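What follows is the content of work_6.tsv, which has TSV, C-alpha atoms:
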chain	number	residue	atom	x	y	z
A	19	MET	CA	-12.40	-16.03	4.77
A	20	LYS	CA	-9.66	-15.37	7.31
A	21	ILE	CA	-6.09	-15.79	6.00
A	22	VAL	CA	-3.25	-16.68	8.36
A	23	LEU	CA	0.42	-16.71	7.34
A	24	GLU	CA	2.77	-18.50	9.75
A	25	HIS	CA	6.52	-17.90	9.36
A	26	LEU	CA	6.08	-17.73	5.59
A	27	THR	CA	9.43	-17.65	3.78
A	28	LYS	CA	10.42	-17.81	0.13
A	29	ARG	CA	14.01	-18.12	-1.08
A	30	TYR	CA	15.35	-18.32	-4.62
A	31	PRO	CA	18.76	-19.47	-5.90
A	32	ASN	CA	21.01	-16.54	-6.70
A	33	ARG	CA	21.26	-15.93	-10.45
A	34	ASN	CA	24.90	-15.01	-9.95
A	35	ARG	CA	26.46	-18.45	-9.71
A	36	LYS	CA	29.51	-17.01	-7.98
A	37	ILE	CA	27.32	-16.07	-5.01
A	38	ARG	CA	26.04	-19.05	-3.06
A	39	GLU	CA	23.78	-17.03	-0.79
A	40	GLU	CA	20.11	-17.37	-1.72
A	41	VAL	CA	17.83	-14.42	-2.47
A	42	VAL	CA	15.19	-14.04	0.24
A	43	ALA	CA	12.02	-12.64	-1.31
A	44	VAL	CA	9.76	-13.16	1.72
A	45	ASP	CA	11.37	-13.44	5.13
A	46	ASP	CA	9.50	-15.09	8.02
A	47	PHE	CA	6.11	-13.45	7.44
A	48	THR	CA	3.61	-13.97	10.24
A	49	PHE	CA	0.32	-12.08	10.29
A	50	GLU	CA	-3.44	-12.57	10.07
A	51	ILE	CA	-5.84	-11.05	7.55
A	52	PRO	CA	-9.27	-10.85	9.22
A	53	ASP	CA	-12.31	-12.18	7.38
A	54	GLY	CA	-13.98	-9.67	5.06
A	55	THR	CA	-11.22	-7.06	5.11
A	56	LEU	CA	-9.29	-5.38	2.31
A	57	ILE	CA	-5.58	-5.38	3.08
A	58	GLY	CA	-2.99	-3.44	1.09
A	59	LEU	CA	0.47	-4.95	0.59
A	60	LEU	CA	2.65	-1.89	0.16
A	61	GLY	CA	6.31	-1.37	-0.53
A	62	PRO	CA	8.88	-0.41	-3.20
A	63	SER	CA	9.56	-2.54	-6.26
A	64	GLY	CA	11.35	-5.77	-5.38
A	65	CYS	CA	10.21	-5.85	-1.74
A	66	GLY	CA	8.35	-9.18	-2.09
A	67	LYS	CA	4.74	-8.00	-2.46
A	68	SER	CA	3.90	-10.01	-5.56
A	69	THR	CA	5.77	-13.04	-4.26
A	70	THR	CA	3.63	-12.95	-1.11
A	71	LEU	CA	0.51	-12.78	-3.28
A	72	ASN	CA	1.71	-15.71	-5.40
A	73	LEU	CA	2.32	-17.75	-2.25
A	74	ILE	CA	-1.19	-17.04	-0.99
A	75	SER	CA	-2.67	-17.98	-4.38
A	76	GLY	CA	-0.64	-21.17	-4.71
A	77	LEU	CA	1.18	-20.08	-7.86
A	78	GLU	CA	4.40	-20.49	-5.89
A	79	ALA	CA	5.29	-22.87	-3.07
A	80	PRO	CA	6.88	-21.50	0.11
A	81	THR	CA	10.36	-22.51	1.18
A	82	ALA	CA	9.10	-22.60	4.75
A	83	GLY	CA	5.99	-21.72	6.74
A	84	ARG	CA	2.28	-22.40	6.36
A	85	ILE	CA	-0.81	-20.73	4.91
A	86	PHE	CA	-4.30	-21.13	6.35
A	87	PHE	CA	-7.63	-20.16	4.85
A	88	GLY	CA	-9.87	-20.14	7.89
A	89	ASP	CA	-8.84	-23.27	9.82
A	90	THR	CA	-7.77	-25.15	6.67
A	91	ASP	CA	-4.08	-25.56	5.88
A	92	VAL	CA	-3.83	-24.80	2.16
A	93	THR	CA	-0.02	-24.71	1.95
A	94	SER	CA	0.11	-27.76	-0.34
A	95	LEU	CA	-3.12	-27.17	-2.27
A	96	PRO	CA	-2.89	-26.19	-5.97
A	97	PRO	CA	-4.35	-22.78	-6.97
A	98	GLU	CA	-7.53	-24.21	-8.48
A	99	LYS	CA	-8.47	-25.82	-5.17
A	100	ARG	CA	-7.92	-22.75	-2.98
A	101	GLY	CA	-11.00	-20.82	-4.08
A	102	VAL	CA	-9.14	-17.64	-4.98
A	103	GLY	CA	-9.85	-15.03	-7.64
A	104	LEU	CA	-6.82	-13.42	-9.29
A	105	VAL	CA	-6.51	-10.08	-11.09
A	106	PHE	CA	-3.14	-9.08	-12.51
A	107	GLN	CA	-1.56	-5.91	-13.86
A	108	ASN	CA	-2.06	-7.14	-17.44
A	109	TYR	CA	-5.71	-8.02	-17.81
A	110	ALA	CA	-5.03	-11.24	-19.79
A	111	LEU	CA	-8.37	-11.12	-21.57
A	112	TYR	CA	-8.97	-13.35	-24.58
A	113	PRO	CA	-9.08	-10.95	-27.56
A	114	HIS	CA	-11.32	-13.18	-29.73
A	115	MET	CA	-13.98	-13.54	-27.00
A	116	THR	CA	-16.73	-11.11	-26.04
A	117	VAL	CA	-16.98	-9.64	-22.55
A	118	LEU	CA	-19.62	-12.23	-21.65
A	119	GLU	CA	-17.46	-15.09	-22.92
A	120	ASN	CA	-14.40	-13.81	-21.05
A	121	ILE	CA	-16.33	-13.61	-17.78
A	122	MET	CA	-17.89	-17.06	-18.29
A	123	PHE	CA	-14.60	-18.74	-19.21
A	124	PRO	CA	-13.54	-19.84	-15.68
A	125	LEU	CA	-16.93	-21.48	-15.14
A	126	GLY	CA	-16.44	-23.72	-18.16
A	127	ASN	CA	-13.49	-25.38	-16.43
A	128	LEU	CA	-15.49	-26.53	-13.41
A	129	LYS	CA	-15.65	-30.31	-13.06
A	130	GLY	CA	-17.79	-32.88	-11.27
A	131	ASP	CA	-20.42	-31.63	-8.86
A	132	ALA	CA	-19.28	-28.05	-9.40
A	133	ARG	CA	-20.08	-28.17	-13.11
A	134	LEU	CA	-22.74	-25.67	-14.25
A	135	SER	CA	-25.26	-25.57	-17.05
A	136	ARG	CA	-24.87	-23.00	-19.82
A	137	ASP	CA	-27.82	-21.02	-18.50
A	138	GLU	CA	-26.39	-20.99	-14.96
A	139	MET	CA	-22.98	-19.87	-16.24
A	140	LYS	CA	-24.61	-17.06	-18.18
A	141	ARG	CA	-26.68	-16.02	-15.15
A	142	ARG	CA	-23.63	-15.84	-12.89
A	143	ALA	CA	-21.59	-13.98	-15.54
A	144	LEU	CA	-24.35	-11.40	-15.87
A	145	GLU	CA	-24.49	-11.05	-12.09
A	146	ALA	CA	-20.73	-10.38	-11.97
A	147	ALA	CA	-20.96	-7.93	-14.87
A	148	LYS	CA	-23.69	-5.97	-13.10
A	149	LEU	CA	-21.58	-5.85	-9.95
A	150	VAL	CA	-18.74	-4.11	-11.81
A	151	GLN	CA	-21.18	-2.09	-13.95
A	152	ILE	CA	-20.31	-3.42	-17.41
A	153	ASP	CA	-23.53	-5.33	-18.10
A	154	ASN	CA	-24.17	-2.98	-21.07
A	155	LEU	CA	-20.90	-4.05	-22.74
A	156	LEU	CA	-21.35	-7.82	-22.86
A	157	GLU	CA	-21.13	-8.16	-26.65
A	158	ARG	CA	-17.97	-6.08	-27.04
A	159	ARG	CA	-14.50	-7.50	-27.45
A	160	PRO	CA	-11.49	-6.25	-25.42
A	161	SER	CA	-10.11	-4.19	-28.32
A	162	GLU	CA	-13.33	-2.16	-28.32
A	163	MET	CA	-13.02	-1.16	-24.67
A	164	SER	CA	-11.02	1.34	-22.60
A	165	GLY	CA	-8.38	0.22	-20.13
A	166	GLY	CA	-10.69	0.84	-17.19
A	167	GLN	CA	-13.44	-1.23	-18.81
A	168	GLN	CA	-11.02	-4.07	-19.51
A	169	GLN	CA	-9.94	-4.00	-15.88
A	170	ARG	CA	-13.57	-4.36	-14.80
A	171	VAL	CA	-13.92	-7.39	-17.05
A	172	ALA	CA	-10.88	-8.93	-15.37
A	173	ILE	CA	-12.38	-8.27	-11.93
A	174	ALA	CA	-15.75	-9.73	-12.99
A	175	ARG	CA	-13.97	-12.83	-14.30
A	176	ALA	CA	-12.22	-13.24	-10.94
A	177	LEU	CA	-15.49	-12.81	-9.03
A	178	VAL	CA	-17.67	-15.10	-11.14
A	179	LYS	CA	-16.52	-18.25	-9.32
A	180	LYS	CA	-17.51	-16.62	-6.05
A	181	PRO	CA	-14.06	-16.99	-4.48
A	182	GLY	CA	-13.41	-16.83	-0.76
A	183	VAL	CA	-10.33	-14.68	-1.39
A	184	LEU	CA	-9.68	-12.01	-4.04
A	185	LEU	CA	-6.05	-11.23	-4.93
A	186	LEU	CA	-5.19	-8.09	-6.90
A	187	ASP	CA	-1.61	-7.60	-8.15
A	188	GLU	CA	-0.94	-3.98	-9.20
A	189	PRO	CA	-4.35	-3.88	-10.93
A	190	LEU	CA	-4.34	-0.14	-11.67
A	191	SER	CA	-0.81	0.37	-13.00
A	192	ASN	CA	-1.86	0.56	-16.65
A	193	LEU	CA	-4.54	3.22	-16.10
A	194	ASP	CA	-4.24	7.00	-16.27
A	195	ALA	CA	-4.60	9.06	-13.11
A	196	ARG	CA	-8.34	9.75	-13.41
A	197	LEU	CA	-9.19	6.13	-14.25
A	198	ARG	CA	-7.02	4.87	-11.40
A	199	LEU	CA	-8.99	7.00	-8.96
A	200	GLN	CA	-12.33	5.82	-10.33
A	201	THR	CA	-11.32	2.16	-10.50
A	202	ARG	CA	-9.89	2.03	-6.98
A	203	GLU	CA	-13.16	3.47	-5.69
A	204	GLU	CA	-15.00	0.75	-7.62
A	205	ILE	CA	-12.74	-1.95	-6.13
A	206	ARG	CA	-13.57	-0.68	-2.65
A	207	ARG	CA	-17.30	-0.60	-3.43
A	208	ILE	CA	-17.23	-4.14	-4.84
A	209	GLN	CA	-15.27	-5.45	-1.86
A	210	ARG	CA	-17.74	-3.94	0.59
A	211	GLU	CA	-20.74	-5.28	-1.32
A	212	THR	CA	-19.34	-8.81	-1.59
A	213	GLY	CA	-17.52	-9.01	1.77
A	214	ILE	CA	-14.71	-10.98	0.10
A	215	THR	CA	-11.37	-10.96	1.90
A	216	THR	CA	-9.15	-9.03	-0.51
A	217	VAL	CA	-5.39	-8.57	-0.80
A	218	PHE	CA	-4.37	-5.58	-2.91
A	219	VAL	CA	-0.72	-5.30	-3.98
A	220	THR	CA	0.59	-1.85	-4.90
A	221	HIS	CA	3.68	0.36	-4.68
A	222	ASP	CA	1.43	3.45	-4.64
A	223	GLN	CA	0.97	4.48	-1.01
A	224	GLU	CA	-1.95	6.80	-1.82
A	225	GLU	CA	-3.85	3.88	-3.37
A	226	ALA	CA	-3.16	1.62	-0.41
A	227	MET	CA	-4.09	4.21	2.21
A	228	SER	CA	-7.29	5.30	0.48
A	229	ILE	CA	-9.04	1.93	0.17
A	230	SER	CA	-7.45	-0.48	2.66
A	231	ASP	CA	-8.74	-1.52	6.06
A	232	LEU	CA	-5.17	-2.49	6.97
A	233	ILE	CA	-1.86	-1.95	5.24
A	234	VAL	CA	1.26	-4.08	5.43
A	235	VAL	CA	4.46	-2.15	4.71
A	236	MET	CA	7.27	-4.33	3.34
A	237	LYS	CA	10.95	-3.77	2.72
A	238	LYS	CA	13.30	-6.39	1.25
A	239	GLY	CA	10.93	-9.22	2.09
A	240	VAL	CA	10.48	-8.16	5.70
A	241	LEU	CA	7.22	-6.99	7.25
A	242	ASN	CA	7.99	-3.60	8.79
A	243	GLN	CA	4.55	-2.57	10.04
A	244	ILE	CA	0.91	-3.64	9.83
A	245	SER	CA	-1.95	-1.46	11.05
A	246	LYS	CA	-4.75	0.81	9.92
A	247	PRO	CA	-3.52	3.26	7.26
A	248	GLN	CA	-3.82	6.39	9.40
A	249	ALA	CA	-2.11	4.67	12.34
A	250	VAL	CA	0.86	3.73	10.16
A	251	TYR	CA	1.08	7.29	8.85
A	252	ASP	CA	0.80	8.89	12.29
A	253	ASP	CA	2.97	6.36	14.17
A	254	PRO	CA	5.64	4.85	11.88
A	255	VAL	CA	7.80	2.27	13.64
A	256	ASN	CA	10.96	3.20	11.75
A	257	LEU	CA	12.45	5.74	9.37
A	258	PHE	CA	11.72	3.63	6.27
A	259	VAL	CA	7.99	3.52	6.98
A	260	ALA	CA	7.97	7.23	7.80
A	261	THR	CA	9.67	8.19	4.53
A	262	PHE	CA	7.72	5.73	2.37
A	263	LEU	CA	4.30	7.01	3.42
A	264	GLY	CA	3.21	10.55	2.75
A	265	THR	CA	2.80	13.00	-0.14
A	266	PRO	CA	4.69	15.30	0.03
A	267	PRO	CA	7.19	13.08	1.87
A	268	ILE	CA	8.27	13.62	5.43
A	269	ASN	CA	11.10	16.11	6.01
A	270	VAL	CA	14.17	14.43	7.50
A	271	PHE	CA	16.73	16.31	9.61
A	272	ASP	CA	19.94	15.37	11.36
A	273	GLY	CA	19.35	16.39	14.95
A	274	GLU	CA	20.78	16.08	18.44
A	275	VAL	CA	19.21	15.66	21.86
A	276	ARG	CA	20.88	17.56	24.70
A	277	SER	CA	19.45	17.48	28.23
A	278	GLY	CA	15.98	16.52	27.04
A	279	VAL	CA	15.80	19.15	24.32
A	280	LEU	CA	15.82	18.44	20.59
A	281	HIS	CA	18.21	20.61	18.58
A	282	LEU	CA	18.18	21.04	14.82
A	283	GLY	CA	21.44	22.78	14.12
A	284	ASP	CA	21.56	25.76	16.49
A	285	ASP	CA	17.78	25.73	17.04
A	286	ALA	CA	16.31	24.21	20.23
A	287	VAL	CA	12.93	23.19	18.79
A	288	LEU	CA	11.19	20.76	21.19
A	289	THR	CA	11.44	19.18	24.61
A	290	VAL	CA	11.75	15.39	24.35
A	291	PRO	CA	11.69	14.06	27.94
A	292	GLY	CA	13.33	10.73	28.55
A	293	VAL	CA	15.30	10.64	25.30
A	294	ARG	CA	18.98	9.89	25.79
A	295	ASP	CA	21.49	12.55	24.71
A	296	GLY	CA	23.03	12.00	21.31
A	297	ALA	CA	22.48	12.19	17.57
A	298	VAL	CA	19.03	11.39	16.16
A	299	LYS	CA	17.26	11.42	12.84
A	300	VAL	CA	14.18	13.63	12.95
A	301	GLY	CA	11.16	13.34	10.68
A	302	VAL	CA	8.64	16.17	10.49
A	303	ARG	CA	5.50	15.73	8.41
A	304	PRO	CA	4.80	18.66	6.04
A	305	GLU	CA	1.68	19.52	8.05
A	306	GLY	CA	3.75	19.56	11.26
A	307	PHE	CA	5.13	23.09	10.68
A	308	VAL	CA	3.37	26.19	12.02
A	309	PRO	CA	4.59	29.55	10.66
A	310	ASP	CA	5.38	31.59	13.73
A	311	PRO	CA	7.34	34.85	13.98
A	312	GLU	CA	8.59	33.65	17.37
A	313	GLY	CA	9.11	30.03	16.27
A	314	ALA	CA	12.25	28.20	17.37
A	315	LEU	CA	13.12	26.75	13.96
A	316	HIS	CA	14.88	29.29	11.73
A	317	CYS	CA	14.80	28.42	8.02
A	318	GLY	CA	15.71	30.09	4.78
A	319	LEU	CA	12.64	30.84	2.65
A	320	ASP	CA	13.11	29.38	-0.83
A	321	ARG	CA	9.64	29.99	-2.28
A	322	VAL	CA	5.91	29.86	-1.59
A	323	GLU	CA	3.65	27.73	-3.80
A	324	VAL	CA	-0.09	28.46	-3.66
A	325	MET	CA	-2.19	25.32	-4.14
A	326	GLY	CA	-5.71	26.66	-3.61
A	327	ARG	CA	-6.86	25.79	-0.10
A	328	ASP	CA	-3.32	25.02	1.10
A	329	THR	CA	0.04	26.64	0.58
A	330	SER	CA	3.38	24.90	0.27
A	331	ILE	CA	6.37	26.65	1.83
A	332	VAL	CA	9.67	25.44	0.41
A	333	PHE	CA	12.52	26.14	2.83
A	334	ARG	CA	16.17	25.44	3.51
A	335	HIS	CA	17.88	24.42	6.73
A	336	GLY	CA	21.38	23.18	7.47
A	337	GLY	CA	20.05	20.11	9.27
A	338	LEU	CA	17.96	18.84	6.37
A	339	THR	CA	19.17	15.65	4.71
A	340	ALA	CA	17.71	16.93	1.42
A	341	GLU	CA	18.44	20.21	-0.32
A	342	THR	CA	15.07	21.70	0.61
A	343	GLY	CA	12.13	20.89	2.87
A	344	ARG	CA	8.42	21.44	2.40
A	345	ALA	CA	5.75	22.64	4.82
A	346	ILE	CA	2.03	22.48	4.02
A	347	VAL	CA	0.04	25.20	5.77
A	348	ASP	CA	-3.33	26.89	5.49
A	349	ALA	CA	-3.23	29.63	2.86
A	350	SER	CA	-4.04	32.30	5.47
A	351	ASP	CA	-0.97	31.29	7.51
A	352	ALA	CA	1.34	32.07	4.61
A	353	VAL	CA	0.10	35.63	4.02
A	354	GLY	CA	2.91	38.14	4.18
A	355	LEU	CA	5.76	35.62	3.99
A	356	GLU	CA	8.63	37.31	2.24
A	357	GLY	CA	12.30	37.99	2.57
A	358	GLY	CA	14.97	35.44	3.20
A	359	GLU	CA	13.76	33.76	6.40
A	360	VAL	CA	10.75	31.89	7.74
A	361	ARG	CA	10.36	30.67	11.31
A	362	PHE	CA	8.33	27.67	12.43
A	363	SER	CA	7.04	26.05	15.57
A	364	LEU	CA	6.77	22.27	15.34
A	365	LYS	CA	3.76	20.11	16.22
A	366	PRO	CA	5.07	17.42	18.62
A	367	GLN	CA	2.63	14.77	17.32
A	368	LYS	CA	3.95	15.30	13.77
A	369	THR	CA	7.62	15.18	14.79
A	370	HIS	CA	9.24	11.73	15.06
A	371	LEU	CA	12.66	10.73	16.34
A	372	PHE	CA	14.67	7.78	15.01
A	373	ASP	CA	17.90	6.05	15.96
A	374	PRO	CA	20.52	7.13	13.36
A	375	ASP	CA	22.05	3.63	13.22
A	376	THR	CA	19.09	1.23	13.41
A	377	GLU	CA	16.49	3.74	12.14
A	378	ALA	CA	14.06	2.43	14.79
A	379	ARG	CA	11.60	4.89	16.30
A	380	ILE	CA	12.55	6.63	19.56
A	381	TYR	CA	9.62	7.53	21.81
A	382	PRO	CA	9.85	10.39	24.31
A	383	ASP	CA	8.34	9.70	27.74
A	384	GLY	CA	4.55	9.69	27.55
A	385	ALA	CA	4.41	9.45	23.76
A	386	GLY	CA	3.52	5.74	23.60
A	387	LYS	CA	4.60	3.26	20.95
A	388	ALA	CA	2.95	2.93	17.54
A	389	GLY	CA	-0.56	1.62	17.85
A	390	GLU	CA	-0.87	2.60	21.53
A	391	ARG	CA	-2.30	6.05	21.00

Would you mind giving the structure from this file in structure tokens?
Amino acid sequence: MKIVLEHLTKRYPNRNRKIREEVVAVDDFTFEIPDGTLIGLLGPSGCGKSTTLNLISGLEAPTAGRIFFGDTDVTSLPPEKRGVGLVFQNYALYPHMTVLENIMFPLGNLKGDARLSRDEMKRRALEAAKLVQIDNLLERRPSEMSGGQQQRVAIARALVKKPGVLLLDEPLSNLDARLRLQTREEIRRIQRETGITTVFVTHDQEEAMSISDLIVVMKKGVLNQISKPQAVYDDPVNLFVATFLGTPPINVFDGEVRSGVLHLGDDAVLTVPGVRDGAVKVGVRPEGFVPDPEGALHCGLDRVEVMGRDTSIVFRHGGLTAETGRAIVDASDAVGLEGGEVRFSLKPQKTHLFDPDTEARIYPDGAGKAGER
């Protein structure tokens, strides 16, 4: 099921009665979710992710704009007529019901021609339980299950009506790190097996990047960038997207371009043809540093952290906007690092320039805009 959002906007009255200006939770959203894809809605708390999901589901009505499922305008349809499956952060399972009864529950509310016999409801519930691999737990109650198992019950309950769209709102937040990893892999497997168009809301960029076909990065209700996860990471359109994605985060410097050369403090580190002279913000991914005795970037060596295959070099530089920066290098490249200084060469494809006022990306000649590489 393809989903199309056209100029979708949601405003709320300001809770502070002294301020007449409305709160804009979703601001003029326009994008298309292709049929059969898993899309991650990503952004910090309060950016409008869950509101967007609630608009798609019909739990909230938009202030402006339209929502299409395929070619059908569903903007005014109630949730029960949209054919969506919903999974929330709290699993909302009925504690007095067994797993089988919880999964079957939505089917008992079907009316008219859609109404099913008890045997058919049980058959479909068992089919959903097998899909999420809990068919051996059907007689248990929620209190007898782990958090990950409860989450699978919630997903099975959402799938049992065979929805055209599956909506997941922070579904892994209550799980520990190991269970989150396992459950997100299961969500991806289930989505691929069913082919259901899925919208996955999260503030965890690692989750979004690991399982999504496309990610939408939001800030204060505004869509900042939509593309494949690796494309967004490699080619952020602005400083917010660059700093939001990445673990460890991107290193940000105050820099200056003079005669086509990028300077970080006193260090002339890269040629940037076609970039106008003046101040710039510079983002360098941790993997964009190459230890080099002849490197142009002179940094103070704070410490070296060995992490098995990779090594993290923590350094200081006067141009950094944070107290320290971090470079991730192959362990063999960090052998012999000692003393008070480390020098780096920078990888051009991992070094991004941004306007210091608008924070928009600046592209040197020949670099191409995001999505064009």

- Hey, what's within 7 Å of Lys365 in chain A if we count only C-alpha atoms and toss same-chain stuff fewer than 3 positions away? As an MDAnalysis selection string, please? chainID A and resid 306:307 368:369

Residues of range 262-305 of chain A that have any atom at most 7 Å from an atom of range 331-348 of chain A: could you tabulate them with the shortest-distance atom pair and the distance in Å to one decimal, using all atoms listed in the file, ordered by chain and increasing number, as JSON lines?
{"residue": "A:Asn269", "atom": "CA", "partner": "A:Gly343", "partner_atom": "CA", "distance": 5.8}
{"residue": "A:Val270", "atom": "CA", "partner": "A:Thr339", "partner_atom": "CA", "distance": 5.9}
{"residue": "A:Phe271", "atom": "CA", "partner": "A:Leu338", "partner_atom": "CA", "distance": 4.3}
{"residue": "A:Asp272", "atom": "CA", "partner": "A:Gly337", "partner_atom": "CA", "distance": 5.2}
{"residue": "A:Gly273", "atom": "CA", "partner": "A:Gly337", "partner_atom": "CA", "distance": 6.8}
{"residue": "A:Leu282", "atom": "CA", "partner": "A:Gly337", "partner_atom": "CA", "distance": 5.9}
{"residue": "A:Gly283", "atom": "CA", "partner": "A:Gly337", "partner_atom": "CA", "distance": 5.7}
{"residue": "A:Pro304", "atom": "CA", "partner": "A:Ala345", "partner_atom": "CA", "distance": 4.3}
{"residue": "A:Glu305", "atom": "CA", "partner": "A:Ile346", "partner_atom": "CA", "distance": 5.0}

Put those residues in a file: C-alpha atoms, as a PDB file, in the coordinates of the input.
ATOM      1  CA  ASN A 269      11.100  16.110   6.010  1.00  0.00           C
ATOM      2  CA  VAL A 270      14.170  14.430   7.500  1.00  0.00           C
ATOM      3  CA  PHE A 271      16.730  16.310   9.610  1.00  0.00           C
ATOM      4  CA  ASP A 272      19.940  15.370  11.360  1.00  0.00           C
ATOM      5  CA  GLY A 273      19.350  16.390  14.950  1.00  0.00           C
ATOM      6  CA  LEU A 282      18.180  21.040  14.820  1.00  0.00           C
ATOM      7  CA  GLY A 283      21.440  22.780  14.120  1.00  0.00           C
ATOM      8  CA  PRO A 304       4.800  18.660   6.040  1.00  0.00           C
ATOM      9  CA  GLU A 305       1.680  19.520   8.050  1.00  0.00           C
TER      10      GLU A 305
END

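Take the candidates A:Pro266, A:Pro247, A:Pro181, A:Pro382 and check each one against Gly292 in chain A using all atoms listed in the file; the shortest distance goes to A:Pro382.
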
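Counting only C-alpha atoms, Pro80 in chain A has the following residues at most 8 Å away, ignoring those fewer than 3 positions along the same chain: Leu26, Thr27, Lys28, Arg29, Leu73, Gly83, Arg84 and Thr93 of chain A.
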
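CA of Met122 in chain A lies 14.4 Å from CA of Pro160 in chain A.
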
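Across A:Ile57, A:Leu185, A:Met236, A:Ile121, the tightest approach to Ile74 in chain A is made by A:Leu185 when counting all atoms listed in the file.
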
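Taking CA of Gly278 in chain A and CA of Gln243 in chain A as the two end points, the separation is 28.0 Å.
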
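Among the candidates A:Pro31, A:Leu190, A:Gly296, A:Glu359, the one nearest to Asp320 in chain A when counting only C-alpha atoms is A:Glu359.
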
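The coordinates place CA of Ile21 in chain A at 8.8 Å from CA of Asp89 in chain A.
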
- Task: Could you tell me which of A:Asp231, A:Glu274, A:Glu203, A:Asp46 comes closest to Ile244 in chain A if we count all atoms listed in the file?
- Result: A:Asp231

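Between Ala349 in chain A and the candidates A:Thr329, A:Ser63, A:Ser135, A:Thr265, the tightest atom-to-atom separation, counting all atoms listed in the file, involves A:Thr329.
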
For Leu257 in chain A, work out the shell of residues within 12 Å, counting all atoms listed in the file and skipping chain neighbours fewer than 2 positions away, then give it as a PDB file with C-alpha atoms, keeping the file's coordinate frame.
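As a result, result.pdb now contains:
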ATOM      1  CA  LYS A 237      10.950  -3.770   2.720  1.00  0.00           C
ATOM      2  CA  ASN A 242       7.990  -3.600   8.790  1.00  0.00           C
ATOM      3  CA  GLN A 243       4.550  -2.570  10.040  1.00  0.00           C
ATOM      4  CA  VAL A 250       0.860   3.730  10.160  1.00  0.00           C
ATOM      5  CA  TYR A 251       1.080   7.290   8.850  1.00  0.00           C
ATOM      6  CA  ASP A 253       2.970   6.360  14.170  1.00  0.00           C
ATOM      7  CA  PRO A 254       5.640   4.850  11.880  1.00  0.00           C
ATOM      8  CA  VAL A 255       7.800   2.270  13.640  1.00  0.00           C
ATOM      9  CA  VAL A 259       7.990   3.520   6.980  1.00  0.00           C
ATOM     10  CA  ALA A 260       7.970   7.230   7.800  1.00  0.00           C
ATOM     11  CA  THR A 261       9.670   8.190   4.530  1.00  0.00           C
ATOM     12  CA  PHE A 262       7.720   5.730   2.370  1.00  0.00           C
ATOM     13  CA  LEU A 263       4.300   7.010   3.420  1.00  0.00           C
ATOM     14  CA  PRO A 267       7.190  13.080   1.870  1.00  0.00           C
ATOM     15  CA  ILE A 268       8.270  13.620   5.430  1.00  0.00           C
ATOM     16  CA  ASN A 269      11.100  16.110   6.010  1.00  0.00           C
ATOM     17  CA  VAL A 270      14.170  14.430   7.500  1.00  0.00           C
ATOM     18  CA  PHE A 271      16.730  16.310   9.610  1.00  0.00           C
ATOM     19  CA  VAL A 298      19.030  11.390  16.160  1.00  0.00           C
ATOM     20  CA  LYS A 299      17.260  11.420  12.840  1.00  0.00           C
ATOM     21  CA  VAL A 300      14.180  13.630  12.950  1.00  0.00           C
ATOM     22  CA  GLY A 301      11.160  13.340  10.680  1.00  0.00           C
ATOM     23  CA  VAL A 302       8.640  16.170  10.490  1.00  0.00           C
ATOM     24  CA  THR A 369       7.620  15.180  14.790  1.00  0.00           C
ATOM     25  CA  HIS A 370       9.240  11.730  15.060  1.00  0.00           C
ATOM     26  CA  LEU A 371      12.660  10.730  16.340  1.00  0.00           C
ATOM     27  CA  PHE A 372      14.670   7.780  15.010  1.00  0.00           C
ATOM     28  CA  ASP A 373      17.900   6.050  15.960  1.00  0.00           C
ATOM     29  CA  PRO A 374      20.520   7.130  13.360  1.00  0.00           C
ATOM     30  CA  ASP A 375      22.050   3.630  13.220  1.00  0.00           C
ATOM     31  CA  THR A 376      19.090   1.230  13.410  1.00  0.00           C
ATOM     32  CA  GLU A 377      16.490   3.740  12.140  1.00  0.00           C
ATOM     33  CA  ALA A 378      14.060   2.430  14.790  1.00  0.00           C
ATOM     34  CA  ARG A 379      11.600   4.890  16.300  1.00  0.00           C
ATOM     35  CA  ILE A 380      12.550   6.630  19.560  1.00  0.00           C
TER      36      ILE A 380
END

With 8 Å of padding per side, what axis-aligned box (centre and edge lengths, Å, one decimal) covers all the listed atoms of range 189-198 of chain A? Give it as lines of an AutoDock Vina configuration file.
center_x = -5.0
center_y = 2.9
center_z = -13.8
size_x = 24.4
size_y = 29.6
size_z = 21.7
